[in-house]
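Colleague: This is the structure I want to talk about, given as structure tokens.
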Amino acid sequence: MRRNELVLTPLDLRLLARLAQTPHLAQVCRELRIGRDQANYRLRRMGRYLGRPVVTARKGPPGSSWTRLTGAGRQLLSQHPGTPLRSLRSHRSPGALLFGRYSGGPPPSLTTERGLVLSVGFPGQEGELRGVTVDPEAVLVARGRFPASARNVLPARILSLKPRGSLQVLAEVEAGGERLPVALTEAAVSALRLRKGSRVFLYLKATALRPVAP
């Protein structure tokens with residue numbers, strides 16, 4: 001790593017994770033015990049080094065302003081502290097960010113606000129709100145059920161299919177009321193005869209759900 005190269009810090013990730021839960025920057029700053037100027041500086045600096053803004057904001061009368069993560073900001077939540085931001089410039093695969101209440105099980109799980117229950121592979125405190133990111137490359141799509149080691153087998157529906165680079169397709173799917181991006185090859189789309197509205201099953205290992213720093 002080059003000297004003075006900007007890397008993601010634990011505070012950066014906590015700032016992004018809280019903004020994923022609430023669009024009120026002032027509230028987030030109070031919770032993290034940092035000044036608003038410091039928060040804005042960190043957000044601008046991350047965007048500058050990444051090459052894309054990590055938040056979008058609207059200013060207005062008290063109570064009407066908001067700050068929300070962009071796709072690039074959500075992408076950063078799947079990274080680890082110490083990751084150089086410049087190394088992520090070409091990584092543009094949008095991941096999903098989901099929040100739910102943790103249960104120790106067994107097996108450990110998160111239940112989202114829409115009632116989707118996901119088995120996870122990390123520890124937590126009973127009843128706490130936790131976030132997880134889902135890598136589009138980690139989701140397997142099938143037309144039917146089959147024996148597999150994946151703990152999460154989710155009935156789903158294809159919402160859209162969009163080309164993404166050479167011989168690749170990014171599918172947006174709905175499972176249990178939640179929307180997830182799934183990376184597919186053109187060959188897989190053709191073999192499975194996928195189109196908008198197709199009913200499928202998603203196979204997702206618990207270890208593929210990566211926790212966001214609380």
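To be explicit about the labels: the chains of the structure tokens are called A, B, and onward in the order shown, and within each one the residues are counted from 1, while ligands get numbers from 1 in the order they are shown.
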Show which residues sit within 9 Å of Gly121 (chain A), as a ChimeraX atom specification. Count only C-alpha atoms, and ignore same-chain residues fewer than 3 positions away.
Modeller: /A:107-109,205-210
Colleague: Excluding same-chain residues fewer than 2 positions from Leu25 (chain A), what lies within 12 Å of it counting only C-alpha atoms, as a ChimeraX atom specification?
Modeller: /A:15-23,27-40,43,55-59,63-69
Colleague: Could the residues in this selection be saved with C-alpha atoms as an mmCIF file, in the first residue's frame?
Modeller:
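For reference, selection.cif as written:
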data_model
loop_
_atom_site.group_PDB
_atom_site.id
_atom_site.type_symbol
_atom_site.label_atom_id
_atom_site.label_comp_id
_atom_site.auth_asym_id
_atom_site.auth_seq_id
_atom_site.Cartn_x
_atom_site.Cartn_y
_atom_site.Cartn_z
ATOM 1 C CA LEU A 15 -20.914 5.937 9.638
ATOM 2 C CA LEU A 16 -22.039 4.227 6.429
ATOM 3 C CA ALA A 17 -23.857 1.459 8.307
ATOM 4 C CA ARG A 18 -25.879 3.906 10.396
ATOM 5 C CA LEU A 19 -26.769 5.990 7.318
ATOM 6 C CA ALA A 20 -28.058 2.784 5.748
ATOM 7 C CA GLN A 21 -30.509 2.558 8.643
ATOM 8 C CA THR A 22 -31.526 6.217 8.993
ATOM 9 C CA PRO A 23 -31.248 9.162 6.581
ATOM 10 C CA GLN A 27 -28.811 11.786 14.526
ATOM 11 C CA VAL A 28 -26.041 9.545 13.238
ATOM 12 C CA CYS A 29 -23.394 12.065 14.306
ATOM 13 C CA ARG A 30 -24.843 12.198 17.822
ATOM 14 C CA GLU A 31 -24.843 8.407 18.076
ATOM 15 C CA LEU A 32 -21.250 8.146 16.837
ATOM 16 C CA ARG A 33 -20.157 11.182 18.869
ATOM 17 C CA ILE A 34 -18.594 12.984 15.936
ATOM 18 C CA GLY A 35 -19.190 16.436 14.498
ATOM 19 C CA ARG A 36 -21.253 16.959 11.390
ATOM 20 C CA ASP A 37 -18.313 18.628 9.635
ATOM 21 C CA GLN A 38 -16.168 15.571 10.363
ATOM 22 C CA ALA A 39 -18.866 13.245 9.012
ATOM 23 C CA ASN A 40 -19.278 15.276 5.809
ATOM 24 C CA LEU A 43 -18.096 11.054 3.235
ATOM 25 C CA VAL A 55 -24.141 9.494 -0.396
ATOM 26 C CA THR A 56 -26.814 11.672 -1.930
ATOM 27 C CA ALA A 57 -28.390 14.425 0.142
ATOM 28 C CA ARG A 58 -31.228 16.922 0.111
ATOM 29 C CA LYS A 59 -31.202 20.134 2.127
ATOM 30 C CA GLY A 63 -37.050 17.670 9.495
ATOM 31 C CA SER A 64 -37.122 17.524 5.694
ATOM 32 C CA SER A 65 -33.386 17.097 4.987
ATOM 33 C CA TRP A 66 -31.967 13.649 4.376
ATOM 34 C CA THR A 67 -28.713 11.872 3.527
ATOM 35 C CA ARG A 68 -28.868 8.436 1.893
ATOM 36 C CA LEU A 69 -26.268 5.966 0.665
#
Colleague: Looking only at the backbone, which of the residues in region 25-166 of chain A does DSSP tag as helix (DSSP H, G or I), as a ChimeraX atom specification?
Modeller: /A:25-32,36-50,71-76,85-88,136-138
Colleague: In region 5-214 of chain A, what's strand (DSSP E) per DSSP? Answer as a ChimeraX atom specification?
Modeller: /A:55-58,66-69,96-103,109-112,117-119,129-134,140-142,152-163,168-175,178-185,199-204,209-211
Colleague: Restrict the selected residues to C-alpha atoms and save them as a JSON list (two decimals), in the first residue's frame.
Modeller:
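Listing of part-v7.json after writing:
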[["chain", "number", "residue", "atom", "x", "y", "z"],
["A", 55, "VAL", "CA", -24.14, 9.49, -0.40],
["A", 56, "THR", "CA", -26.81, 11.67, -1.93],
["A", 57, "ALA", "CA", -28.39, 14.43, 0.14],
["A", 58, "ARG", "CA", -31.23, 16.92, 0.11],
["A", 66, "TRP", "CA", -31.97, 13.65, 4.38],
["A", 67, "THR", "CA", -28.71, 11.87, 3.53],
["A", 68, "ARG", "CA", -28.87, 8.44, 1.89],
["A", 69, "LEU", "CA", -26.27, 5.97, 0.67],
["A", 96, "ALA", "CA", -27.75, -6.01, -1.31],
["A", 97, "LEU", "CA", -27.88, -4.60, 2.21],
["A", 98, "LEU", "CA", -30.47, -6.14, 4.53],
["A", 99, "PHE", "CA", -31.30, -5.43, 8.16],
["A", 100, "GLY", "CA", -32.99, -7.73, 10.63],
["A", 101, "ARG", "CA", -33.32, -8.78, 14.25],
["A", 102, "TYR", "CA", -30.76, -11.32, 15.37],
["A", 103, "SER", "CA", -31.68, -14.63, 16.97],
["A", 109, "SER", "CA", -30.67, -16.08, 12.01],
["A", 110, "LEU", "CA", -31.87, -12.62, 11.06],
["A", 111, "THR", "CA", -35.54, -11.77, 10.53],
["A", 112, "THR", "CA", -36.08, -8.71, 8.35],
["A", 117, "VAL", "CA", -35.75, -15.29, 7.85],
["A", 118, "LEU", "CA", -32.11, -15.80, 6.88],
["A", 119, "SER", "CA", -29.68, -18.23, 8.48],
["A", 129, "LEU", "CA", -30.64, -5.01, 14.86],
["A", 130, "ARG", "CA", -27.90, -6.22, 12.53],
["A", 131, "GLY", "CA", -27.11, -5.57, 8.91],
["A", 132, "VAL", "CA", -25.75, -8.03, 6.35],
["A", 133, "THR", "CA", -24.51, -7.63, 2.81],
["A", 134, "VAL", "CA", -25.22, -10.18, 0.11],
["A", 140, "LEU", "CA", -27.17, -19.69, -6.89],
["A", 141, "VAL", "CA", -30.38, -19.67, -8.94],
["A", 142, "ALA", "CA", -32.33, -22.81, -9.80],
["A", 152, "ASN", "CA", -30.97, -20.53, 2.85],
["A", 153, "VAL", "CA", -33.27, -21.81, 0.12],
["A", 154, "LEU", "CA", -35.62, -18.99, -0.83],
["A", 155, "PRO", "CA", -38.56, -19.04, -3.26],
["A", 156, "ALA", "CA", -38.16, -15.97, -5.44],
["A", 157, "ARG", "CA", -39.38, -14.15, -8.54],
["A", 158, "ILE", "CA", -37.33, -12.45, -11.26],
["A", 159, "LEU", "CA", -38.09, -8.72, -11.41],
["A", 160, "SER", "CA", -35.63, -7.72, -14.12],
["A", 161, "LEU", "CA", -32.66, -8.94, -16.17],
["A", 162, "LYS", "CA", -30.04, -6.43, -17.33],
["A", 163, "PRO", "CA", -26.81, -7.02, -19.29],
["A", 168, "GLN", "CA", -23.04, -11.50, -17.91],
["A", 169, "VAL", "CA", -26.50, -10.53, -16.65],
["A", 170, "LEU", "CA", -27.55, -8.86, -13.41],
["A", 171, "ALA", "CA", -30.93, -10.09, -12.20],
["A", 172, "GLU", "CA", -33.03, -8.32, -9.62],
["A", 173, "VAL", "CA", -35.13, -10.82, -7.70],
["A", 174, "GLU", "CA", -37.74, -10.60, -4.96],
["A", 175, "ALA", "CA", -37.65, -13.08, -2.09],
["A", 178, "GLU", "CA", -36.83, -8.24, -0.07],
["A", 179, "ARG", "CA", -35.03, -7.34, -3.30],
["A", 180, "LEU", "CA", -31.69, -8.96, -4.08],
["A", 181, "PRO", "CA", -29.25, -8.60, -7.00],
["A", 182, "VAL", "CA", -27.98, -11.85, -8.50],
["A", 183, "ALA", "CA", -25.11, -12.19, -10.97],
["A", 184, "LEU", "CA", -25.74, -14.68, -13.79],
["A", 185, "THR", "CA", -24.12, -15.68, -17.04],
["A", 199, "ARG", "CA", -40.32, -18.27, -10.44],
["A", 200, "VAL", "CA", -37.03, -19.61, -9.10],
["A", 201, "PHE", "CA", -35.25, -20.73, -5.94],
["A", 202, "LEU", "CA", -32.24, -18.91, -4.50],
["A", 203, "TYR", "CA", -29.53, -20.92, -2.73],
["A", 204, "LEU", "CA", -27.38, -18.89, -0.36],
["A", 209, "LEU", "CA", -24.13, -13.18, 4.46],
["A", 210, "ARG", "CA", -21.43, -10.83, 5.70],
["A", 211, "PRO", "CA", -22.19, -8.81, 8.83]]
Colleague: Given the choices A:Arg45, A:Arg52, A:Arg151, A:Arg74, which gets closest to Leu13 (chain A) if the distance is worked out from only C-alpha atoms?
Modeller: A:Arg74
Colleague: Could you please determine the separation between CA of Met46 (chain A) and CA of Glu137 (chain A) in Å, to one decimal place?
Modeller: 24.5 Å
Colleague: Using only C-alpha atoms for the distances, tell me which of A:Gly47, A:Gly124, A:Gly104, A:Gly115 is nearest to Leu88 (chain A).
Modeller: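 Under the stated criterion, the closest residue is A:Gly47.
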Colleague: For a test of reading the model, state the distance in Å between CA of Arg86 (chain A) and CA of Val54 (chain A), rounded to one decimal.
Modeller: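 Separation of CA of Arg86 (chain A) and CA of Val54 (chain A): 13.6 Å.
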